[in-house]
2 protein chains.
Amino acid sequence: MAYRETDKTRARRESIRQRILAAAHVLVVEGGFGYASMTAVAARAGIATGSLYKHFPSKSDLFSEVFRHATQKEVDKVAMAIQGSDHAVLRLQRAVQTFARRALKSRGLAWALIAEPVDPKVDEDRLHYRQAYAKLFETLIHDGMLRGELPQQSASVTSAALVGSLAEALVGPLAPGQRQWLETNTGAECIARQQTDDALVDALLRFCLQAVTGTPYPREAPL
Amino acid sequence: MAYRETDKTRARRESIRQRILAAAHVLVVEGGFGYASMTAVAARAGIATGSLYKHFPSKSDLFSEVFRHATQKEVDKVAMAIQGSDHAVLRLQRAVQTFARRALKSRGLAWALIAEPVDPKVDEDRLHYRQAYAKLFETLIHDGMLRGELPQQSASVTSAALVGSLAEALVGPLAPGQRQWLETNTGAECIARQQTDDALVDALLRFCLQAVTGTPYPREAPL
DNA sequence: CAATACTGTGAATCAATATTCATACTTTCA
DNA sequence: TGAAAGTATGAATATTGATTCACAGTATTG
């Protein structure tokens, strides 16, 4: 006998694996899943196509991992924003803002995660992703109803509708200016966009809070 | 010279063309665009694969036409529901109900039109489709604001968010029980579904109207 | 160093469909 | 009727991109 896995080789393996994941992630951010072929990933990671299969059994597996990783980070942020024992409306407000701002900050990724047509296998992960958000909202709404902070309603329908409105208004086909992918922008353009983005977040916040509470936003009295 | 197009040949041509479109439509309703290969369409229409290309230059063109046709019908129905000079809230209510009931009545088609991952060419048509809905809502909201029947808001954001919540709650990945495609249902199951469907429409209606008006639904006083 | 077991390579293969095309059949009309 | 123009056929071809594989390269240990 003459070979055994050692720390060094394991580390090396792992580092290549990470390099592949990073390369795939970058490609997705830049052009979405459709743009990220195995050949492109390999080229970007600086290895041969075949080598990819030494680390991931198939394309689906690779991208599923990319998707879940990117996704988990987003969900965590929203979960973070939603937690606490404040008034349910405040928590919802934080959640919506967090989701919206992050999506607008990296539209390419948001589009890939939320809206891009993708391989069915990855689409299953997306289902989990959306469900994760919906679950967060659902729990919050239940909670709020129990505590008398929100009117009675169907938590499941409301949460699905919330996810839908966020997705569509921010990164779906109806999102304002969705074809700006690889554009380089001047400083002035960035500032202008920042302002319209703020307005967008605000309008959306209003939509969501009114939908859930049935009262005008902004409210007359603070919570 | 010895041949010229005649009424008879033209009629025959047209009838085959329609037969192809109908076959494609049926396949889409049954299993979505992914299920509808050219071979399948040809088989269903009772002609050879190659013959399809005598009538449509490419698959994209064929399905684009199928999509637009199916789509136009849906949009027209909602446009019909939205028109009139009633209070804007009533008109919105009719529109949402129309959209929702129709989607639930034929989920397969709704899924294909709204949510299924499809060929990019067809996806452009989908963009128009969603925009057509959004446009209807947007006009309605503008109108309502002018007449003082709706509070001031961003009509574009609100309308996109409305489209998103309808799509997601009814046929998106979060829609309840979306995997029932070719199932045959017993009578009891159909009745049960009818009830949950009604509840779903109602909850969604509430969500949409509250979002737009900022007041509780159902309202205390009729309009 | 030799033997062993793994890792990397990238051109060749595979798979799934859309699309073409040589051939055979139809229709039209002088 | 038969030459002209069209239409139908479906097996063969083209395309795209994932996946494999025979071979070459690298670590590891005795």
# chains A, B, ... in the order shown; residues from 1 in each chain; ligands from 1
>>> closest_atom_pairs(of="chain C", to="chain B", cutoff="10 Å", atoms="only C-alpha atoms (C1' of nucleotides)", output="tab-separated table")
residue	atom	partner	partner_atom	distance
C:DT17	C1'	B:Ser37	CA	7.7
C:DA18	C1'	B:Lys59	CA	7.6
C:DT19	C1'	B:Gly50	CA	8.2
C:DT20	C1'	B:Gly50	CA	8.3
C:DC21	C1'	B:Gly50	CA	9.7
C:DT27	C1'	B:Tyr3	CA	7.6
C:DT28	C1'	B:Tyr3	CA	4.4
C:DC29	C1'	B:Ala2	CA	4.9
C:DA30	C1'	B:Ala2	CA	7.1
>>> residues_around(residues="range 140-147 of chain A", least_positions_apart="6", cutoff="9 Å", atoms="only C-alpha atoms (C1' of nucleotides)", output="PyMOL selection string")
chain A and resi 82-83+87-89+91-92+153-156+158-159+212
>>> interface_residues(of="chain A", to="chain B", cutoff="6 Å", atoms="only C-alpha atoms", output="list in words")
Pro117, Leu127, Ala160, Ala161, Gly164, Ser165, Glu168, Ala169, Pro173, Phe207, Gln210, Ala211, Gly214, Thr215 and Pro216 of chain A
>>> closest_residue(among="B:Ser51, B:Gln93, B:Thr196, B:Ser60", to="chain D", atoms="only C-alpha atoms (C1' of nucleotides)")
B:Ser51
>>> interface_residues(of="chain D", to="chain A", cutoff="12 Å", atoms="only C-alpha atoms (C1' of nucleotides)", output="PyMOL selection string")
chain D and resi 16-21+26-30
>>> residues_around(residues="DT26 in chain C", least_positions_apart="5", cutoff="10 Å", atoms="only C-alpha atoms (C1' of nucleotides)", output="mmCIF file with C-alpha atoms (C1' of nucleotides), in the first residue's frame")
data_model
loop_
_atom_site.group_PDB
_atom_site.id
_atom_site.type_symbol
_atom_site.label_atom_id
_atom_site.label_comp_id
_atom_site.auth_asym_id
_atom_site.auth_seq_id
_atom_site.Cartn_x
_atom_site.Cartn_y
_atom_site.Cartn_z
ATOM 1 C "C1'" DG D 6 -46.915 23.106 -54.273
ATOM 2 C "C1'" DT D 7 -47.206 20.227 -50.288
ATOM 3 C "C1'" DA D 8 -46.135 16.121 -47.309
#
>>> atom_distance(atom1="C1' of DT15 in chain D", atom2="CA of Val122 in chain B")
19.8 Å
>>> atom_distance(atom1="CA of Ile191 in chain A", atom2="CA of Leu109 in chain A")
20.8 Å
>>> select_by_dssp(residues="range 22-139 of chain A", states="alpha helix (DSSP H)", output="PyMOL selection string")
chain A and resi 22-31+38-45+49-55+59-82+88-105+107-114+120-139
>>> residues_around(residues="DA22 in chain D", least_positions_apart="5", cutoff="12 Å", atoms="only C-alpha atoms (C1' of nucleotides)", output="list in words")
DT9, DG10, DA11 and DA12 of chain C
>>> atom_distance(atom1="CA of Phe63 in chain A", atom2="CA of Leu113 in chain B")
25.9 Å
>>> residues_around(residues="Val41 in chain B", least_positions_apart="4", cutoff="10 Å", atoms="only C-alpha atoms (C1' of nucleotides)", output="ChimeraX atom specification")
/B:19-28,35-37,45-49,52
